[in-house]
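Here's model.csv, which has CSV, C-alpha atoms and all ligand atoms:
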```csv
chain,number,residue,atom,x,y,z
A,14,MET,CA,32.4,62.8,17.4
A,15,ARG,CA,35.0,64.6,19.4
A,16,THR,CA,33.3,67.9,20.0
A,17,LEU,CA,29.6,67.5,20.8
A,18,LYS,CA,29.0,71.0,19.3
A,19,HIS,CA,25.2,71.0,20.1
A,20,LEU,CA,26.0,70.9,23.8
A,21,PHE,CA,28.3,73.9,23.6
A,22,SER,CA,25.7,75.7,21.6
A,23,ASN,CA,23.0,74.9,24.2
A,24,ASN,CA,25.4,76.1,26.9
A,25,ARG,CA,25.9,79.5,25.2
A,26,LYS,CA,22.2,80.0,24.8
A,27,TRP,CA,21.5,79.0,28.4
A,28,ALA,CA,24.2,81.4,29.7
A,29,ASP,CA,22.9,84.2,27.6
A,30,ARG,CA,19.3,83.6,28.7
A,31,THR,CA,20.3,83.5,32.3
A,32,LYS,CA,22.2,86.8,32.0
A,33,VAL,CA,19.2,88.5,30.4
A,34,THR,CA,17.0,87.6,33.4
A,35,ASN,CA,19.7,88.3,35.9
A,36,PRO,CA,22.8,90.2,34.7
A,37,ASP,CA,24.8,89.6,37.9
A,38,PHE,CA,23.9,85.9,38.2
A,39,PHE,CA,27.4,84.5,37.3
A,40,THR,CA,29.4,87.3,39.0
A,41,THR,CA,27.5,86.7,42.3
A,42,LEU,CA,27.8,82.9,42.1
A,43,SER,CA,31.5,83.1,41.2
A,44,ARG,CA,32.3,84.7,44.6
A,45,GLN,CA,31.1,81.8,46.7
A,46,GLN,CA,28.6,79.0,47.0
A,47,ASN,CA,26.2,79.1,49.9
A,48,PRO,CA,23.7,76.2,49.3
A,49,GLU,CA,21.1,75.4,52.0
A,50,TYR,CA,20.6,71.7,51.0
A,51,LEU,CA,22.6,68.6,50.3
A,52,TRP,CA,20.8,66.3,47.9
A,53,ILE,CA,21.7,62.6,47.7
A,54,GLY,CA,19.9,61.2,44.7
A,55,CYS,CA,19.9,58.5,42.0
A,56,SER,CA,22.1,59.0,38.9
A,57,ASP,CA,18.9,58.3,36.8
A,58,SER,CA,18.7,60.9,34.0
A,59,ARG,CA,15.0,61.3,34.7
A,60,VAL,CA,15.6,62.6,38.3
A,61,PRO,CA,17.6,65.8,37.8
A,62,ALA,CA,18.1,67.2,41.3
A,63,ASN,CA,17.8,71.0,40.9
A,64,GLU,CA,15.1,70.9,38.3
A,65,ILE,CA,12.5,68.9,40.3
A,66,VAL,CA,12.7,71.2,43.2
A,67,ASP,CA,13.1,74.2,41.0
A,68,LEU,CA,16.3,75.5,42.5
A,69,ALA,CA,18.9,77.5,40.6
A,70,PRO,CA,22.7,76.8,40.5
A,71,GLY,CA,24.2,77.6,43.8
A,72,GLU,CA,21.2,76.5,45.9
A,73,MET,CA,21.9,72.8,46.3
A,74,PHE,CA,25.0,70.7,46.9
A,75,VAL,CA,24.5,67.4,45.0
A,76,HIS,CA,25.7,63.9,45.1
A,77,ARG,CA,24.2,61.2,42.9
A,78,ASN,CA,24.9,57.5,42.4
A,79,ILE,CA,23.0,54.5,41.4
A,80,ALA,CA,20.1,54.0,43.7
A,81,ASN,CA,21.0,56.9,46.0
A,82,LEU,CA,23.1,54.7,48.4
A,83,VAL,CA,25.1,56.0,51.4
A,84,ILE,CA,27.7,53.3,52.0
A,85,HIS,CA,30.0,53.7,55.0
A,86,THR,CA,33.1,52.8,53.0
A,87,ASP,CA,32.3,55.1,50.1
A,88,LEU,CA,34.9,57.8,50.4
A,89,ASN,CA,33.2,59.8,47.6
A,90,CYS,CA,29.8,60.1,49.3
A,91,LEU,CA,31.3,60.5,52.8
A,92,SER,CA,33.6,63.3,51.5
A,93,VAL,CA,30.6,65.1,50.1
A,94,ILE,CA,28.7,64.8,53.3
A,95,GLN,CA,31.7,66.0,55.4
A,96,TYR,CA,32.2,69.0,53.1
A,97,ALA,CA,28.5,69.8,53.1
A,98,VAL,CA,28.1,69.6,56.9
A,99,GLU,CA,31.5,70.9,58.2
A,100,LEU,CA,32.5,73.5,55.6
A,101,LEU,CA,29.3,74.6,54.0
A,102,ASN,CA,27.3,74.3,57.2
A,103,ILE,CA,24.4,72.7,55.5
A,104,GLN,CA,21.5,71.9,57.8
A,105,HIS,CA,19.3,69.9,55.5
A,106,ILE,CA,20.4,66.6,54.0
A,107,ILE,CA,17.9,65.1,51.6
A,108,VAL,CA,18.0,61.5,50.4
A,109,CYS,CA,15.7,61.3,47.4
A,110,GLY,CA,14.9,58.0,45.9
A,111,HIS,CA,12.5,57.4,43.0
A,112,TYR,CA,9.9,54.9,42.0
A,113,GLY,CA,10.9,52.7,39.0
A,114,CYS,CA,14.6,52.8,40.0
A,115,GLY,CA,16.6,50.5,37.7
A,116,GLY,CA,19.1,49.8,40.5
A,117,ILE,CA,16.4,48.6,42.9
A,118,LYS,CA,14.8,46.5,40.1
A,119,ALA,CA,18.2,44.9,39.2
A,120,ALA,CA,18.8,44.1,42.9
A,121,LEU,CA,15.5,42.3,43.1
A,122,GLU,CA,16.6,40.0,40.3
A,123,ASN,CA,18.9,37.0,40.5
A,124,ARG,CA,20.6,37.8,37.3
A,125,GLU,CA,24.3,38.8,37.0
A,126,HIS,CA,24.9,42.4,35.9
A,127,GLY,CA,28.7,42.5,36.2
A,128,LEU,CA,30.7,44.8,38.4
A,129,ILE,CA,27.6,46.7,39.5
A,130,ASP,CA,26.4,43.6,41.4
A,131,ASN,CA,28.8,44.6,44.1
A,132,TRP,CA,27.1,47.9,44.5
A,133,LEU,CA,23.6,46.5,44.2
A,134,ARG,CA,24.3,44.0,46.9
A,135,ASN,CA,23.7,46.8,49.4
A,136,ILE,CA,20.1,47.0,48.2
A,137,LYS,CA,19.7,43.2,48.6
A,138,ASP,CA,20.7,43.8,52.3
A,139,VAL,CA,17.9,46.4,52.6
A,140,TYR,CA,15.5,43.8,51.2
A,141,ARG,CA,16.8,41.2,53.7
A,142,TYR,CA,16.3,43.6,56.6
A,143,HIS,CA,12.6,44.1,55.6
A,144,GLN,CA,11.9,40.8,53.8
A,145,GLU,CA,8.9,39.9,55.8
A,146,GLN,CA,7.2,43.3,55.2
A,147,ILE,CA,8.0,43.2,51.5
A,148,ASP,CA,7.1,39.6,50.8
A,149,ALA,CA,3.7,40.2,52.6
A,150,LEU,CA,2.7,42.2,49.5
A,151,LYS,CA,1.1,40.1,46.8
A,152,ASP,CA,1.7,42.5,43.9
A,153,GLU,CA,5.1,42.6,42.4
A,154,ASN,CA,4.9,46.4,41.6
A,155,GLU,CA,3.9,47.1,45.2
A,156,ARG,CA,6.9,45.2,46.4
A,157,PHE,CA,9.2,47.1,44.0
A,158,ASP,CA,7.7,50.5,45.2
A,159,LEU,CA,8.1,49.5,48.8
A,160,LEU,CA,11.7,48.5,48.4
A,161,CYS,CA,12.4,51.9,46.7
A,162,GLU,CA,10.9,53.6,49.8
A,163,LEU,CA,12.6,51.4,52.3
A,164,ASN,CA,15.9,51.9,50.6
A,165,VAL,CA,15.6,55.7,51.2
A,166,VAL,CA,14.8,55.1,54.9
A,167,GLU,CA,17.9,52.9,55.3
A,168,GLN,CA,20.1,55.5,53.6
A,169,VAL,CA,18.7,58.2,56.0
A,170,SER,CA,19.8,56.0,58.9
A,171,ASN,CA,23.2,55.4,57.2
A,172,ILE,CA,23.8,59.2,57.1
A,173,CYS,CA,22.9,59.6,60.7
A,174,HIS,CA,25.3,56.8,61.7
A,175,THR,CA,28.3,58.6,60.3
A,176,THR,CA,30.7,60.3,62.6
A,177,ILE,CA,30.3,63.4,60.5
A,178,VAL,CA,26.6,63.9,61.4
A,179,GLN,CA,26.9,62.6,65.0
A,180,ASN,CA,29.8,65.0,65.7
A,181,ALA,CA,27.8,67.9,64.1
A,182,TRP,CA,24.9,67.1,66.5
A,183,LYS,CA,27.3,66.8,69.4
A,184,SER,CA,28.7,70.2,68.8
A,185,GLY,CA,25.2,71.7,68.7
A,186,GLN,CA,24.9,72.1,64.9
A,187,ASN,CA,21.5,71.6,63.5
A,188,VAL,CA,21.4,68.9,60.9
A,189,ALA,CA,18.1,67.4,59.7
A,190,VAL,CA,18.2,64.3,57.5
A,191,HIS,CA,15.2,63.9,55.2
A,192,GLY,CA,13.9,60.9,53.2
A,193,TRP,CA,11.9,61.7,50.1
A,194,ILE,CA,10.8,59.8,47.0
A,195,TYR,CA,10.1,61.0,43.5
A,196,GLY,CA,7.5,59.7,41.0
A,197,ILE,CA,8.9,59.6,37.5
A,198,GLU,CA,5.3,59.1,36.2
A,199,ASP,CA,3.9,62.3,37.6
A,200,GLY,CA,6.9,64.5,38.6
A,201,ILE,CA,5.7,64.6,42.2
A,202,LEU,CA,7.9,64.4,45.3
A,203,LYS,CA,6.6,62.6,48.4
A,204,ASP,CA,8.0,63.1,51.9
A,205,LEU,CA,8.4,59.7,53.5
A,206,ASN,CA,8.2,61.4,57.0
A,207,VAL,CA,11.4,59.8,58.3
A,208,CYS,CA,13.2,63.0,59.2
A,209,ILE,CA,15.9,62.6,61.8
A,210,THR,CA,17.3,65.6,63.7
A,211,ASN,CA,19.2,64.3,66.7
A,212,ARG,CA,21.0,61.3,68.1
A,213,ASP,CA,18.1,60.1,70.3
A,214,GLU,CA,16.3,59.2,67.2
A,215,ILE,CA,18.8,56.6,66.0
A,216,SER,CA,19.3,53.1,67.2
A,217,ARG,CA,21.3,52.7,70.4
A,218,ILE,CA,24.0,50.5,68.9
A,219,HIS,CA,24.9,53.3,66.4
A,220,ARG,CA,24.8,56.1,69.0
A,221,MET,CA,28.3,57.4,69.8
A,222,LYS,CA,29.1,58.9,73.2
A,301,CO,CO,17.4,55.0,40.2
```

Once you've parsed the file, please lay out its structure as structure tokens.
Amino acid sequence: MRTLKHLFSNNRKWADRTKVTNPDFFTTLSRQQNPEYLWIGCSDSRVPANEIVDLAPGEMFVHRNIANLVIHTDLNCLSVIQYAVELLNIQHIIVCGHYGCGGIKAALENREHGLIDNWLRNIKDVYRYHQEQIDALKDENERFDLLCELNVVEQVSNICHTTIVQNAWKSGQNVAVHGWIYGIEDGILKDLNVCITNRDEISRIHRMK
């Protein structure tokens, strides 16, 4: 109960296997991290960031929360973005949602879920912004899929609206913010083609001088 021995045993085997393929792996990584990507994804256990894009430790900086939200008062997420952009000089921020997201599904319901309702309320806002488009779909599953996608698009905008990303652009740093969605049923990633790379691509009201 207190030790979870099997996880430590898994860890030893993994570390040994890794050293067999690449004896310097841990020594090299221990010197510094130099990831090229920041991944903002869902906490869902079926959407493990590094695995689905086949990247090794050290290659991706990761933040995950329920329904991959970027909320402008969330110090945790904002700190991750600031560290990634300003200190690690990461040029690619990826928001990756997934179909079948439990957070999105819960937000579509009118049931109480406890504390988490305060978090899910942000998704209800996304629904409200796009209500006409979503409600135009007859099929419930299609509405669910569309909200999963639109939620990613909104979070891409939210990242671009931060002073962190806008200041990076102002100082000439290249930062591209991507919106992707992952299919749990087939393991396939889809690019939602909403990549934003400069301030001219965001709405005027959010653009800072
Ligand atoms: Co999810």

Which residues of region 121-185 of chain A sit at most 8 Å from region 105-117 of chain A, using all atoms listed in the file? Give each one's shortest atom pair and distance in Å (one decimal place), in chain and ascending residue order, as a Markdown table.
```
| residue | atom | partner | partner_atom | distance |
| --- | --- | --- | --- | --- |
| A:Leu121 | CA | A:Ile117 | CA | 6.4 |
| A:Leu133 | CA | A:Gly116 | CA | 6.7 |
| A:Ile136 | CA | A:Ile117 | CA | 6.7 |
| A:Phe157 | CA | A:Ile117 | CA | 7.4 |
| A:Asp158 | CA | A:Tyr112 | CA | 5.9 |
| A:Leu160 | CA | A:Ile117 | CA | 7.2 |
| A:Cys161 | CA | A:Tyr112 | CA | 6.1 |
| A:Glu162 | CA | A:Gly110 | CA | 7.1 |
| A:Asn164 | CA | A:Gly110 | CA | 7.8 |
| A:Val165 | CA | A:Gly110 | CA | 5.8 |
| A:Gln168 | CA | A:Val108 | CA | 7.1 |
| A:Val169 | CA | A:Val108 | CA | 6.5 |
```

(message) Measuring between only C-alpha atoms, which one of A:Asp152, A:Asp67, A:Trp27, A:Ala181 shows the shortest distance to Tyr96 (chain A)?
(response)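 Closest to Tyr96 (chain A) of all the choices is A:Ala181.
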
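Considering the residues A:Cys173, A:Ala28, A:Ala120, A:Leu88 and counting only C-alpha atoms and all ligand atoms, ligand CO 301 (chain A) has its shortest atom-to-atom contact with A:Ala120.
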
**Study point:** Neighbour residues at most 12 Å from (26.1, 45.5, 54.9) (all atoms listed in the file) as JSON, numbers by chain
**Key:** {"A": [82, 83, 84, 85, 86, 131, 132, 133, 134, 135, 136, 137, 138, 139, 140, 141, 142, 167, 168, 171]}

For the selection just defined, write its residues with C-alpha atoms to a file, as a PDB file, keeping the file's coordinate frame.
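Final output, part_24.pdb:
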```
ATOM      1  CA  LEU A  82      23.100  54.700  48.400  1.00  0.00           C
ATOM      2  CA  VAL A  83      25.100  56.000  51.400  1.00  0.00           C
ATOM      3  CA  ILE A  84      27.700  53.300  52.000  1.00  0.00           C
ATOM      4  CA  HIS A  85      30.000  53.700  55.000  1.00  0.00           C
ATOM      5  CA  THR A  86      33.100  52.800  53.000  1.00  0.00           C
ATOM      6  CA  ASN A 131      28.800  44.600  44.100  1.00  0.00           C
ATOM      7  CA  TRP A 132      27.100  47.900  44.500  1.00  0.00           C
ATOM      8  CA  LEU A 133      23.600  46.500  44.200  1.00  0.00           C
ATOM      9  CA  ARG A 134      24.300  44.000  46.900  1.00  0.00           C
ATOM     10  CA  ASN A 135      23.700  46.800  49.400  1.00  0.00           C
ATOM     11  CA  ILE A 136      20.100  47.000  48.200  1.00  0.00           C
ATOM     12  CA  LYS A 137      19.700  43.200  48.600  1.00  0.00           C
ATOM     13  CA  ASP A 138      20.700  43.800  52.300  1.00  0.00           C
ATOM     14  CA  VAL A 139      17.900  46.400  52.600  1.00  0.00           C
ATOM     15  CA  TYR A 140      15.500  43.800  51.200  1.00  0.00           C
ATOM     16  CA  ARG A 141      16.800  41.200  53.700  1.00  0.00           C
ATOM     17  CA  TYR A 142      16.300  43.600  56.600  1.00  0.00           C
ATOM     18  CA  GLU A 167      17.900  52.900  55.300  1.00  0.00           C
ATOM     19  CA  GLN A 168      20.100  55.500  53.600  1.00  0.00           C
ATOM     20  CA  ASN A 171      23.200  55.400  57.200  1.00  0.00           C
TER      21      ASN A 171
END
```

Select, from A:Gln179, A:Ser22, A:Asn35, A:Asn102, the residue with the minimum atom-to-atom distance to Glu49 (chain A), counting only C-alpha atoms.
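Of all the options, A:Asn102 lies closest to Glu49 (chain A).
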
| message | When you count only C-alpha atoms and all ligand atoms, which of these residues is closest to ligand CO 301 (chain A): A:Asp37, A:Asp29, A:Asp57, A:Glu145? | response |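 Result for the nearest residue to ligand CO 301 (chain A): A:Asp57.
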